[in-house]
$ cat data.txt   # compact mmCIF, C-alpha atoms
# COMPACT_ATOMS: atom_id res chain seq x y z
CA MET A 140 0.00 0.00 0.00
CA SER A 141 1.20 3.53 -0.75
CA SER A 142 1.50 6.22 1.92
CA PHE A 143 -1.50 8.27 3.02
CA ARG A 144 -0.01 11.45 1.52
CA LYS A 145 0.42 9.78 -1.86
CA ARG A 146 -3.11 8.40 -1.80
CA MET A 147 -4.44 11.85 -0.97
CA LYS A 148 -2.48 13.42 -3.81
CA ASP A 149 -3.80 10.78 -6.20
CA SER A 150 -7.37 11.49 -5.05
CA SER A 151 -6.86 15.25 -5.26
CA SER A 152 -6.20 15.05 -8.99
CA ARG A 153 -10.00 15.37 -9.34
CA SER A 154 -10.71 17.52 -6.28
CA SER A 155 -9.20 18.94 -3.09
CA VAL A 156 -12.51 19.02 -1.23
CA ILE A 157 -12.99 16.90 1.89
CA LEU A 158 -16.55 16.38 3.07
CA ALA A 159 -17.00 16.87 6.81
CA ASN A 160 -19.89 14.42 7.14
CA ASP A 161 -20.92 15.99 10.44
CA LEU A 162 -24.55 14.95 10.33
CA ASP A 163 -26.68 15.88 13.31
CA GLY A 164 -30.25 15.35 14.35
CA ILE A 165 -30.45 12.10 12.36
CA ASN A 166 -31.99 8.92 13.71
CA LEU A 167 -29.37 6.23 14.40
CA GLU A 168 -31.03 3.82 11.98
CA LEU A 169 -30.63 6.40 9.20
CA LEU A 170 -27.12 7.56 10.07
CA GLU A 171 -25.30 4.91 8.05
CA LYS A 172 -27.76 5.23 5.17
CA HIS A 173 -27.39 9.01 4.94
CA THR A 174 -23.60 8.82 5.15
CA ILE A 175 -23.39 6.27 2.36
CA ARG A 176 -25.85 8.31 0.31
CA ASN A 177 -23.61 11.37 0.72
CA ILE A 178 -20.59 9.37 -0.48
CA LYS A 179 -22.42 8.03 -3.52
CA THR A 180 -24.03 11.37 -4.39
CA LEU A 181 -21.05 13.67 -3.76
CA GLY A 182 -18.07 11.31 -4.11
CA LYS A 183 -17.02 12.42 -7.58
CA TYR A 184 -16.58 15.98 -6.30
CA LEU A 185 -14.42 14.97 -3.33
CA CYS A 186 -11.02 13.53 -2.46
CA ALA A 187 -11.86 12.37 1.07
CA ILE A 188 -14.53 12.19 3.74
CA LYS A 189 -14.08 13.08 7.42
CA LEU A 190 -16.10 11.44 10.19
CA ASN A 191 -16.32 13.08 13.60
CA PHE A 192 -16.64 11.64 17.11
CA HIS A 193 -20.39 12.08 17.32
CA LEU A 194 -20.83 9.77 14.32
CA LEU A 195 -18.32 7.14 15.35
CA LEU A 196 -19.77 6.61 18.81
CA PRO A 197 -23.29 5.52 17.77
CA LEU A 198 -22.31 3.73 14.54
CA GLY A 199 -20.02 0.99 15.84
CA GLU A 200 -17.20 -0.89 14.11
CA LYS A 201 -19.32 -2.97 11.72
CA ASN A 202 -21.14 0.07 10.32
CA ILE A 203 -17.96 2.13 10.11
CA LYS A 204 -16.20 -0.62 8.16
CA LYS A 205 -19.05 -0.63 5.67
CA ILE A 206 -18.93 3.17 5.29
CA ASN A 207 -15.16 3.18 4.81
CA LYS A 208 -15.39 0.43 2.20
CA VAL A 209 -17.98 2.37 0.21
CA ALA A 210 -15.77 5.48 0.41
CA HIS A 211 -12.73 3.51 -0.81
CA ASP A 212 -14.78 2.03 -3.66
CA PHE A 213 -15.43 5.63 -4.75
CA GLY A 214 -11.71 6.43 -4.55
CA LEU A 215 -11.99 8.48 -1.38
CA GLN A 216 -9.69 8.53 1.62
CA THR A 217 -11.31 8.45 5.06
CA ILE A 218 -10.23 10.50 8.07
CA ALA A 219 -11.20 9.90 11.70
CA ASP A 220 -11.63 13.31 13.28
CA ILE A 221 -11.30 12.39 16.96
CA LYS A 222 -8.57 14.89 17.86
CA LEU A 223 -6.65 12.09 19.53
CA ASN A 224 -4.78 13.17 22.64
CA ASP A 225 -3.83 10.66 25.31
CA ILE A 226 -0.98 8.65 26.79
CA GLY A 227 1.11 6.54 24.43
CA ASN A 228 -0.49 3.17 25.16
CA THR A 229 -4.03 4.49 24.76
CA ASN A 230 -3.04 6.19 21.52
CA MET A 231 -1.65 2.95 20.10
CA VAL A 232 -4.77 0.96 20.98
CA THR A 233 -6.91 3.69 19.44
CA LEU A 234 -4.91 3.66 16.21
CA GLN A 235 -5.33 -0.08 15.78
CA ARG A 236 -9.09 0.23 16.35
CA LEU A 237 -9.30 2.94 13.71
CA TRP A 238 -7.17 1.08 11.18
CA ASN A 239 -9.17 -2.12 11.76
CA SER A 240 -12.29 -0.08 10.99
CA GLY A 241 -10.80 0.96 7.66
CA PHE A 242 -9.69 4.54 8.28
CA ASP A 243 -6.74 6.01 6.38
CA ALA A 244 -5.79 8.78 8.81
CA VAL A 245 -6.52 10.31 12.19
CA ILE A 246 -6.62 13.92 13.36
CA ALA A 247 -4.60 14.30 16.57
CA ASN A 248 -4.00 17.08 19.06
CA PRO A 249 -0.30 18.03 19.55
CA ILE A 250 -1.02 19.01 23.14
CA MET A 251 -0.10 15.38 23.94
CA GLY A 252 3.54 16.50 23.60
CA PRO A 253 6.29 15.71 21.08
CA GLU A 254 7.25 12.32 22.56
CA ASN A 255 3.75 10.84 22.25
CA LEU A 256 3.18 12.57 18.91
CA SER A 257 6.41 11.11 17.52
CA GLN A 258 5.34 7.62 18.60
CA LEU A 259 1.93 8.17 17.01
CA VAL A 260 3.41 9.23 13.66
CA LYS A 261 5.92 6.37 13.52
CA SER A 262 3.24 3.80 14.31
CA ALA A 263 0.81 5.20 11.73
CA HIS A 264 3.46 5.37 9.01
CA GLY A 265 4.38 1.76 9.73
CA ASP A 266 0.85 0.87 8.63
CA ASP A 267 0.85 3.31 5.67
CA LYS A 268 -1.65 5.48 7.53
CA GLY A 269 -1.62 9.22 8.18
CA VAL A 270 -1.55 11.65 11.10
CA ILE A 271 -2.97 15.14 10.71
CA THR A 272 -2.33 17.49 13.64
CA LEU A 273 -4.56 20.24 14.92
CA VAL A 274 -2.65 23.53 14.79
CA HIS A 275 -5.58 25.98 14.90
CA MET A 276 -9.33 25.36 14.79
CA SER A 277 -11.78 27.48 12.82
CA HIS A 278 -14.61 28.35 15.22
CA PRO A 279 -14.87 31.90 16.66
CA GLY A 280 -13.61 30.99 20.14
CA ALA A 281 -10.54 29.13 18.86
CA LYS A 282 -8.22 32.13 19.19
CA LEU A 283 -8.73 32.15 22.96
CA GLY A 284 -7.00 28.80 23.28
CA TYR A 285 -4.69 28.61 20.28
CA GLY A 286 -3.47 32.15 20.84
CA LEU A 287 -2.24 31.44 24.37
CA ARG A 288 1.36 32.40 25.03
CA VAL A 289 3.57 29.55 26.17
CA GLN A 290 7.26 28.88 26.65
CA ASP A 291 8.92 26.67 24.06
CA PRO A 292 10.56 23.95 26.18
CA THR A 293 13.51 23.75 23.77
CA SER A 294 14.35 27.38 23.06
CA ARG A 295 12.82 28.79 26.26
CA LYS A 296 11.32 31.57 24.14
CA MET A 297 7.70 32.65 24.47
CA SER A 298 5.39 32.00 21.54
CA ASN A 299 1.77 31.36 20.68
CA ILE A 300 0.79 27.77 21.33
CA HIS A 301 -0.23 27.33 17.69
CA ASP A 302 3.34 28.19 16.65
CA LEU A 303 4.65 25.48 18.99
CA PHE A 304 2.13 22.99 17.57
CA LEU A 305 3.30 23.91 14.07
CA LYS A 306 6.94 23.42 15.03
CA TRP A 307 6.30 20.01 16.54
CA SER A 308 4.21 18.99 13.53
CA TYR A 309 6.78 19.67 10.82
CA SER A 310 9.72 18.46 12.89
CA LEU A 311 8.01 15.13 13.63
CA HIS A 312 6.97 14.51 10.01
CA VAL A 313 3.21 14.54 10.27
CA ASP A 314 1.26 14.13 7.04
CA GLY A 315 -0.76 17.30 7.39
CA ILE A 316 -1.98 20.00 9.72
CA VAL A 317 -5.39 21.53 10.35
CA VAL A 318 -5.46 25.32 10.20
CA GLY A 319 -8.86 27.03 10.07
CA ALA A 320 -9.83 29.03 7.02
CA THR A 321 -10.69 31.82 9.46
CA VAL A 322 -6.99 32.42 10.22
CA PRO A 323 -5.51 32.96 6.72
CA LYS A 324 -2.31 34.58 8.02
CA LEU A 325 -1.48 31.40 9.91
CA ILE A 326 -2.17 29.40 6.74
CA GLU A 327 0.38 31.58 4.94
CA LEU A 328 2.96 31.07 7.69
CA SER A 329 2.31 27.33 7.78
CA SER A 330 2.61 27.09 4.00
CA LYS A 331 6.05 28.71 4.14
CA LYS A 332 7.10 26.27 6.85
CA ALA A 333 5.71 23.25 5.00
CA LYS A 334 8.04 23.33 1.98
CA GLY A 335 6.30 20.26 0.63
CA ARG A 336 6.79 18.24 3.84
CA PHE A 337 3.09 18.19 4.75
CA GLU A 338 -0.25 19.49 3.51
CA ILE A 339 -2.60 22.05 5.04
CA TYR A 340 -6.21 21.08 5.70
CA SER A 341 -8.58 24.01 6.25
CA PRO A 342 -12.06 23.74 7.80
CA GLY A 343 -14.45 26.62 8.41
CA ILE A 344 -15.40 27.32 4.80
CA GLY A 345 -18.67 29.18 4.33
CA THR A 346 -20.72 28.63 7.47
CA GLN A 347 -17.95 29.79 9.83
CA GLY A 348 -16.88 32.63 7.53
CA GLY A 349 -13.89 31.18 5.69
CA ASP A 350 -13.60 32.11 2.02
CA PRO A 351 -12.52 29.18 -0.20
CA SER A 352 -10.61 31.26 -2.76
CA SER A 353 -8.70 33.22 -0.12
CA THR A 354 -7.96 30.04 1.80
CA LEU A 355 -6.46 28.36 -1.25
CA SER A 356 -4.51 31.50 -2.16
CA ALA A 357 -3.07 31.60 1.36
CA GLY A 358 -1.62 28.13 0.83
CA ALA A 359 -4.20 25.56 1.94
CA ASN A 360 -4.01 22.27 0.05
CA TYR A 361 -7.39 20.85 1.06
CA LEU A 362 -10.73 22.42 1.97
CA ILE A 363 -12.74 20.66 4.68
CA VAL A 364 -16.39 21.55 4.09
CA GLY A 365 -19.45 20.30 5.93
CA ARG A 366 -22.59 22.33 6.52
CA THR A 367 -21.95 24.62 3.54
CA ILE A 368 -22.48 21.57 1.33
CA LEU A 369 -24.83 19.42 3.39
CA ASN A 370 -27.26 22.21 4.33
CA SER A 371 -27.38 23.86 0.92
CA LYS A 372 -30.46 23.61 -1.30
CA ASN A 373 -28.39 21.72 -3.86
CA PRO A 374 -25.48 19.83 -2.20
CA LYS A 375 -24.26 18.38 -5.50
CA LEU A 376 -24.03 21.81 -7.11
CA GLU A 377 -22.29 23.29 -4.07
CA ALA A 378 -19.76 20.44 -3.99
CA GLN A 379 -19.18 20.77 -7.73
CA LYS A 380 -18.52 24.52 -7.46
CA LEU A 381 -15.95 23.95 -4.72
CA GLN A 382 -14.36 21.13 -6.71
CA GLU A 383 -13.97 23.34 -9.76
CA LEU A 384 -12.47 26.07 -7.61
CA THR A 385 -9.80 23.74 -6.19
CA ILE A 386 -8.92 22.41 -9.64
CA ARG A 387 -8.44 25.93 -11.01
CA SER A 388 -6.26 27.04 -8.08
$ encode --input "data.txt" --output "structure tokens"
Amino acid sequence: MSSFRKRMKDSSSRSSVILANDLDGINLELLEKHTIRNIKTLGKYLCAIKLNFHLLLPLGEKNIKKINKVAHDFGLQTIADIKLNDIGNTNMVTLQRLWNSGFDAVIANPIMGPENLSQLVKSAHGDDKGVITLVHMSHPGAKLGYGLRVQDPTSRKMSNIHDLFLKWSYSLHVDGIVVGATVPKLIELSSKKAKGRFEIYSPGIGTQGGDPSSTLSAGANYLIVGRTILNSKNPKLEAQKLQELTIRS
């Protein structure tokens, strides 16, 4: 099997849009059905699909395996958005559960520290899977946490915590980082740091105020889009417009 980054690049030849399948208010019995319907209806406009905690908990392993298989049949990568952050042993058990369920990558929180993050990346890469780290979220209150000033334990200099997360991410060879479309200046900085070593995944398009064109111009490689597509009057048309935008950029 090829690496997660290569599989993503292969998928992104047709689109750089990732569907955040963050369905809510849906009956459990319909959750799998609606998710598979979204994959089949929107798959040709996407490169990947992201499933969040609140979907994984009620679905269970059998249902998740089925969803991931359908996504793979449509040429999509699948990302578990659980913002993993725990001790090393728990992280390793979690990874194996996710990989057994068919996921290609996990989103993790660097707050776990560089030692645990390094172990996470090495383990994932050993299975040809990916780790995407959370450098800055997209919601309005994110700046309160990700803008905190902390001391870099190596240099002893003060910096924003998102800068420390970025440093750990590129030095430990993660496959990608999450930087919200609502902080385009940080996307620009991250893009300069990346130098082809990882990709930038940007959520917050549309509903949270992020502009897709500006986000791509700032240096984002992938747009993570959920409600803007799913809650639109014509999800297929909305997904197609975003797909065409990423191809032109």
$ closest_residue --input "data.txt" --among "A:Val317, A:Leu195, A:Ile175, A:Ile326" --to "His211 of chain A" --atoms "only C-alpha atoms"
A:Ile175
$ residues_near_point --input "data.txt" --point "(0.7, 10.9, 0.2)" --cutoff "10 Å" --atoms "all atoms listed in the file" --output "PyMOL selection string"
chain A and resi 141-150+267-269+314-315+337-338
$ closest_residue --input "data.txt" --among "A:Arg176, A:Arg236, A:Arg366, A:His278" --to "Gly319 of chain A" --atoms "all atoms listed in the file"
A:His278
$ atom_distance --input "data.txt" --atom1 "atom CA of Ala378 of chain A" --atom2 "atom CA of Ser352 of chain A"
14.2 Å
$ axis_aligned_box --input "data.txt" --around "segment 219-236 of chain A" --padding-each-side "3 Å" --output "AutoDock Vina command-line options"
--center_x -5.3 --center_y 7.4 --center_z 19.2 --size_x 18.7 --size_y 21.0 --size_z 21.1
$ atom_distance --input "data.txt" --atom1 "atom CA of Thr272 of chain A" --atom2 "atom CA of Ile165 of chain A"
28.7 Å
$ closest_residue --input "data.txt" --among "A:Asn248, A:Asn360, A:Gln235, A:Ser353" --to "Gly335 of chain A" --atoms "only C-alpha atoms"
A:Asn360
$ closest_residue --input "data.txt" --among "A:Leu362, A:Ala281, A:Ile339, A:Ile226" --to "Ser154 of chain A" --atoms "only C-alpha atoms"
A:Leu362
$ closest_residue --input "data.txt" --among "A:Phe192, A:Trp307, A:Trp238, A:Tyr340" --to "Ile271 of chain A" --atoms "only C-alpha atoms"
A:Tyr340
